[in-house]
Amino acid sequence: MTKPRIVLIDDEPDKIQIYLDALEPVFEVTYYEDPNDGLHFLTNVDSLGTEALVLDILMPSLDDTVIRIPNQEGDTGLALLASVADRVNQFKIAIVIITNRNVSEIKEKIKNIPLPSEVSNRVSVHLKLKTTPDELVTIVNDSIRKLR
């Protein structure tokens, strides 16, 4: 049986490795430390078949090809999400946001960015510090299942 394909974008190599250790037995994982590389992948034909995007919020800035979100400085993950929203919607990709920020604050910010309602309804936000790698596997699996 083929593993579900997911994309992980996080700029912290130690976190990526922890997540990979948990995710790779269950998923085919493509990961990026640089959000610009992740954005390029998600806007490319190579991303076809991706079922979930696991995304950090606080990352280095994206280049000038992304949608700029007013009053959202430092929320690179949200800008990336806004930039690929149409593709995420078209291919029914589940979105799992992992963050060290206040979850309620991030959910509120998501409401204020230009996303199709089908995409914003598909986003789940989880606190990095309280989400174990094994819980992340369950969250991603559940998010994918909801879209099938």
# chains A, B, ... in the order shown; residues from 1 in each chain; ligands from 1
$ residues_around --residues "Ser120 (chain A)" --least-positions-apart "6" --cutoff "12 Å" --atoms "only C-alpha atoms" --output "mmCIF file with C-alpha atoms, in the first residue's frame"
data_model
loop_
_atom_site.group_PDB
_atom_site.id
_atom_site.type_symbol
_atom_site.label_atom_id
_atom_site.label_comp_id
_atom_site.auth_asym_id
_atom_site.auth_seq_id
_atom_site.Cartn_x
_atom_site.Cartn_y
_atom_site.Cartn_z
ATOM 1 C CA LEU A 78 0.480 32.278 6.847
ATOM 2 C CA LEU A 81 -0.518 29.425 2.917
ATOM 3 C CA ALA A 82 -2.231 32.442 1.341
ATOM 4 C CA ALA A 85 -4.448 28.591 -1.236
ATOM 5 C CA ASP A 86 -5.895 28.021 -4.712
ATOM 6 C CA VAL A 88 -4.372 23.643 -1.836
ATOM 7 C CA ASN A 89 -8.075 24.023 -2.552
ATOM 8 C CA LYS A 92 -7.791 19.064 -1.514
ATOM 9 C CA ILE A 93 -4.646 19.237 0.598
ATOM 10 C CA ALA A 94 -5.134 19.121 4.381
ATOM 11 C CA ILE A 95 -3.355 21.867 6.354
ATOM 12 C CA VAL A 96 -1.789 21.243 9.771
ATOM 13 C CA ILE A 97 -0.159 24.297 11.335
ATOM 14 C CA ILE A 106 -3.174 32.148 14.965
ATOM 15 C CA LYS A 107 -6.738 30.966 14.339
ATOM 16 C CA GLU A 108 -7.893 34.585 14.442
ATOM 17 C CA LYS A 109 -5.157 35.612 11.988
ATOM 18 C CA ILE A 110 -6.205 32.820 9.623
ATOM 19 C CA LYS A 111 -9.707 34.314 9.541
ATOM 20 C CA ASN A 112 -8.176 37.612 8.362
ATOM 21 C CA ILE A 113 -6.197 36.318 5.388
ATOM 22 C CA PRO A 114 -7.614 35.850 1.896
#
$ residues_around --residues "region 134-140 of chain A" --least-positions-apart "4" --cutoff "7 Å" --atoms "only C-alpha atoms" --output "ChimeraX atom specification"
/A:22-23,52,96,144
$ residues_around --residues "region 28-30 of chain A" --least-positions-apart "5" --cutoff "7 Å" --atoms "only C-alpha atoms" --output "count of residues only"
6
$ select_by_dssp --residues "chain A" --states "strand (DSSP E)" --output "list in words"
Arg5, Ile6, Val7, Leu8, Ile9, Glu28, Val29, Thr30, Tyr31, Tyr32, Thr50, Glu51, Ala52, Leu53, Val54, Leu55, Asp56, Ala94, Ile95, Val96, Ile97, Ile98, Thr99, Val123, Ser124, Val125, His126 and Leu127 of chain A
$ write_last_selection --atoms "N, CA and C atoms" --output "JSON list (two decimals), in the first residue's frame"
[["chain", "number", "residue", "atom", "x", "y", "z"],
["A", 5, "ARG", "N", 1.24, 11.04, 0.84],
["A", 5, "ARG", "CA", 2.34, 11.97, 0.61],
["A", 5, "ARG", "C", 2.07, 13.29, 1.33],
["A", 6, "ILE", "N", 3.02, 13.74, 2.15],
["A", 6, "ILE", "CA", 2.87, 15.02, 2.86],
["A", 6, "ILE", "C", 4.10, 15.89, 2.66],
["A", 7, "VAL", "N", 3.91, 17.18, 2.87],
["A", 7, "VAL", "CA", 5.00, 18.16, 2.81],
["A", 7, "VAL", "C", 5.12, 18.79, 4.19],
["A", 8, "LEU", "N", 6.34, 18.86, 4.69],
["A", 8, "LEU", "CA", 6.65, 19.47, 5.99],
["A", 8, "LEU", "C", 7.53, 20.68, 5.73],
["A", 9, "ILE", "N", 7.13, 21.85, 6.23],
["A", 9, "ILE", "CA", 7.93, 23.06, 6.09],
["A", 9, "ILE", "C", 8.14, 23.66, 7.47],
["A", 28, "GLU", "N", 4.95, 9.32, 3.17],
["A", 28, "GLU", "CA", 6.05, 9.71, 2.30],
["A", 28, "GLU", "C", 6.21, 11.22, 2.53],
["A", 29, "VAL", "N", 7.34, 11.62, 3.11],
["A", 29, "VAL", "CA", 7.52, 13.01, 3.55],
["A", 29, "VAL", "C", 8.53, 13.73, 2.65],
["A", 30, "THR", "N", 8.12, 14.87, 2.14],
["A", 30, "THR", "CA", 9.04, 15.80, 1.49],
["A", 30, "THR", "C", 9.14, 16.98, 2.44],
["A", 31, "TYR", "N", 10.36, 17.39, 2.81],
["A", 31, "TYR", "CA", 10.48, 18.46, 3.79],
["A", 31, "TYR", "C", 11.40, 19.57, 3.30],
["A", 32, "TYR", "N", 11.16, 20.75, 3.84],
["A", 32, "TYR", "CA", 11.93, 21.93, 3.49],
["A", 32, "TYR", "C", 12.21, 22.75, 4.73],
["A", 50, "THR", "N", 0.13, 15.36, -3.24],
["A", 50, "THR", "CA", 0.34, 15.73, -1.84],
["A", 50, "THR", "C", -1.02, 15.75, -1.15],
["A", 51, "GLU", "N", -1.10, 15.10, 0.01],
["A", 51, "GLU", "CA", -2.37, 15.02, 0.72],
["A", 51, "GLU", "C", -2.43, 15.94, 1.93],
["A", 52, "ALA", "N", -1.26, 16.33, 2.47],
["A", 52, "ALA", "CA", -1.27, 17.22, 3.64],
["A", 52, "ALA", "C", -0.03, 18.09, 3.63],
["A", 53, "LEU", "N", -0.20, 19.28, 4.18],
["A", 53, "LEU", "CA", 0.89, 20.23, 4.37],
["A", 53, "LEU", "C", 1.01, 20.48, 5.87],
["A", 54, "VAL", "N", 2.18, 20.19, 6.43],
["A", 54, "VAL", "CA", 2.47, 20.47, 7.84],
["A", 54, "VAL", "C", 3.38, 21.69, 7.82],
["A", 55, "LEU", "N", 2.92, 22.76, 8.44],
["A", 55, "LEU", "CA", 3.52, 24.07, 8.24],
["A", 55, "LEU", "C", 3.78, 24.80, 9.55],
["A", 56, "ASP", "N", 5.00, 25.29, 9.71],
["A", 56, "ASP", "CA", 5.33, 26.18, 10.82],
["A", 56, "ASP", "C", 4.89, 27.59, 10.43],
["A", 94, "ALA", "N", -4.87, 18.79, 2.98],
["A", 94, "ALA", "CA", -5.13, 19.12, 4.38],
["A", 94, "ALA", "C", -4.01, 20.02, 4.90],
["A", 95, "ILE", "N", -4.34, 20.93, 5.80],
["A", 95, "ILE", "CA", -3.35, 21.87, 6.35],
["A", 95, "ILE", "C", -3.26, 21.65, 7.85],
["A", 96, "VAL", "N", -2.04, 21.37, 8.34],
["A", 96, "VAL", "CA", -1.79, 21.24, 9.77],
["A", 96, "VAL", "C", -0.72, 22.28, 10.11],
["A", 97, "ILE", "N", -1.10, 23.26, 10.92],
["A", 97, "ILE", "CA", -0.16, 24.30, 11.34],
["A", 97, "ILE", "C", 0.38, 23.94, 12.71],
["A", 98, "ILE", "N", 1.70, 24.00, 12.82],
["A", 98, "ILE", "CA", 2.37, 23.78, 14.11],
["A", 98, "ILE", "C", 3.07, 25.09, 14.48],
["A", 99, "THR", "N", 2.88, 25.51, 15.70],
["A", 99, "THR", "CA", 3.38, 26.83, 16.07],
["A", 99, "THR", "C", 3.75, 26.90, 17.54],
["A", 123, "VAL", "N", -8.02, 23.94, 7.87],
["A", 123, "VAL", "CA", -6.80, 24.23, 8.64],
["A", 123, "VAL", "C", -6.98, 23.81, 10.09],
["A", 124, "SER", "N", -6.01, 23.06, 10.62],
["A", 124, "SER", "CA", -6.00, 22.79, 12.06],
["A", 124, "SER", "C", -4.70, 23.35, 12.63],
["A", 125, "VAL", "N", -4.78, 23.96, 13.79],
["A", 125, "VAL", "CA", -3.63, 24.64, 14.40],
["A", 125, "VAL", "C", -3.29, 23.94, 15.71],
["A", 126, "HIS", "N", -2.00, 23.67, 15.90],
["A", 126, "HIS", "CA", -1.56, 22.93, 17.08],
["A", 126, "HIS", "C", -0.30, 23.56, 17.66],
["A", 127, "LEU", "N", -0.24, 23.58, 18.98],
["A", 127, "LEU", "CA", 0.89, 24.15, 19.69],
["A", 127, "LEU", "C", 2.06, 23.17, 19.64]]
$ atom_distance --atom1 "CA of Met59 (chain A)" --atom2 "CA of Thr76 (chain A)"
5.6 Å
$ atom_distance --atom1 "CA of Ile16 (chain A)" --atom2 "CA of Gln90 (chain A)"
26.9 Å
$ atom_distance --atom1 "CA of Ala79 (chain A)" --atom2 "CA of Pro35 (chain A)"
10.1 Å
$ select_by_dssp --residues "chain A" --states "helix (DSSP H, G or I)" --output "PyMOL selection string"
chain A and resi 13-23+35-42+45-47+76-83+85-90+103-111+117-120+128-130+133-147
$ write_last_selection --atoms "C-alpha atoms" --output "mmCIF file, in the first residue's frame"
data_model
loop_
_atom_site.group_PDB
_atom_site.id
_atom_site.type_symbol
_atom_site.label_atom_id
_atom_site.label_comp_id
_atom_site.auth_asym_id
_atom_site.auth_seq_id
_atom_site.Cartn_x
_atom_site.Cartn_y
_atom_site.Cartn_z
ATOM 1 C CA PRO A 13 16.394 21.290 11.588
ATOM 2 C CA ASP A 14 16.148 19.631 15.018
ATOM 3 C CA LYS A 15 12.334 19.839 14.940
ATOM 4 C CA ILE A 16 12.267 18.505 11.385
ATOM 5 C CA GLN A 17 14.296 15.473 12.424
ATOM 6 C CA ILE A 18 12.028 14.763 15.391
ATOM 7 C CA TYR A 19 8.960 15.018 13.140
ATOM 8 C CA LEU A 20 10.562 12.896 10.415
ATOM 9 C CA ASP A 21 11.322 10.119 12.888
ATOM 10 C CA ALA A 22 7.607 9.911 13.688
ATOM 11 C CA LEU A 23 6.131 10.719 10.265
ATOM 12 C CA PRO A 35 9.992 28.305 3.142
ATOM 13 C CA ASN A 36 10.909 29.610 -0.329
ATOM 14 C CA ASP A 37 11.839 26.081 -1.423
ATOM 15 C CA GLY A 38 8.608 24.739 0.055
ATOM 16 C CA LEU A 39 6.624 27.408 -1.778
ATOM 17 C CA HIS A 40 8.362 26.539 -5.049
ATOM 18 C CA PHE A 41 7.524 22.855 -4.567
ATOM 19 C CA LEU A 42 3.881 23.537 -3.736
ATOM 20 C CA VAL A 45 3.688 20.055 -10.804
ATOM 21 C CA ASP A 46 5.814 17.871 -8.480
ATOM 22 C CA SER A 47 3.385 18.601 -5.648
ATOM 23 C CA THR A 76 5.750 33.593 7.045
ATOM 24 C CA GLY A 77 3.746 30.365 7.212
ATOM 25 C CA LEU A 78 0.480 32.278 6.847
ATOM 26 C CA ALA A 79 1.821 34.209 3.848
ATOM 27 C CA LEU A 80 2.922 30.926 2.288
ATOM 28 C CA LEU A 81 -0.518 29.425 2.917
ATOM 29 C CA ALA A 82 -2.231 32.442 1.341
ATOM 30 C CA SER A 83 0.058 32.149 -1.689
ATOM 31 C CA ALA A 85 -4.448 28.591 -1.236
ATOM 32 C CA ASP A 86 -5.895 28.021 -4.712
ATOM 33 C CA ARG A 87 -3.670 25.012 -5.321
ATOM 34 C CA VAL A 88 -4.372 23.643 -1.836
ATOM 35 C CA ASN A 89 -8.075 24.023 -2.552
ATOM 36 C CA GLN A 90 -7.887 22.509 -6.047
ATOM 37 C CA VAL A 103 -3.191 28.970 18.994
ATOM 38 C CA SER A 104 -6.216 31.260 19.404
ATOM 39 C CA GLU A 105 -4.232 34.193 18.012
ATOM 40 C CA ILE A 106 -3.174 32.148 14.965
ATOM 41 C CA LYS A 107 -6.738 30.966 14.339
ATOM 42 C CA GLU A 108 -7.893 34.585 14.442
ATOM 43 C CA LYS A 109 -5.157 35.612 11.988
ATOM 44 C CA ILE A 110 -6.205 32.820 9.623
ATOM 45 C CA LYS A 111 -9.707 34.314 9.541
ATOM 46 C CA SER A 117 -13.606 29.088 2.821
ATOM 47 C CA GLU A 118 -12.907 25.501 1.731
ATOM 48 C CA VAL A 119 -9.250 26.032 2.667
ATOM 49 C CA SER A 120 -9.765 27.894 5.942
ATOM 50 C CA LYS A 128 4.398 22.782 19.009
ATOM 51 C CA LEU A 129 5.318 22.512 22.653
ATOM 52 C CA LYS A 130 2.270 20.412 23.497
ATOM 53 C CA PRO A 133 5.506 13.673 17.272
ATOM 54 C CA ASP A 134 3.157 10.698 17.683
ATOM 55 C CA GLU A 135 0.207 13.060 18.153
ATOM 56 C CA LEU A 136 1.273 14.874 14.990
ATOM 57 C CA VAL A 137 1.026 11.581 13.073
ATOM 58 C CA THR A 138 -2.546 11.121 14.348
ATOM 59 C CA ILE A 139 -3.468 14.743 13.552
ATOM 60 C CA VAL A 140 -2.161 14.458 9.985
ATOM 61 C CA ASN A 141 -3.906 11.106 9.451
ATOM 62 C CA ASP A 142 -7.196 12.504 10.761
ATOM 63 C CA SER A 143 -6.878 15.618 8.576
ATOM 64 C CA ILE A 144 -6.299 13.501 5.459
ATOM 65 C CA ARG A 145 -9.175 11.152 6.300
ATOM 66 C CA LYS A 146 -11.595 14.086 6.581
ATOM 67 C CA LEU A 147 -10.866 15.038 2.960
#
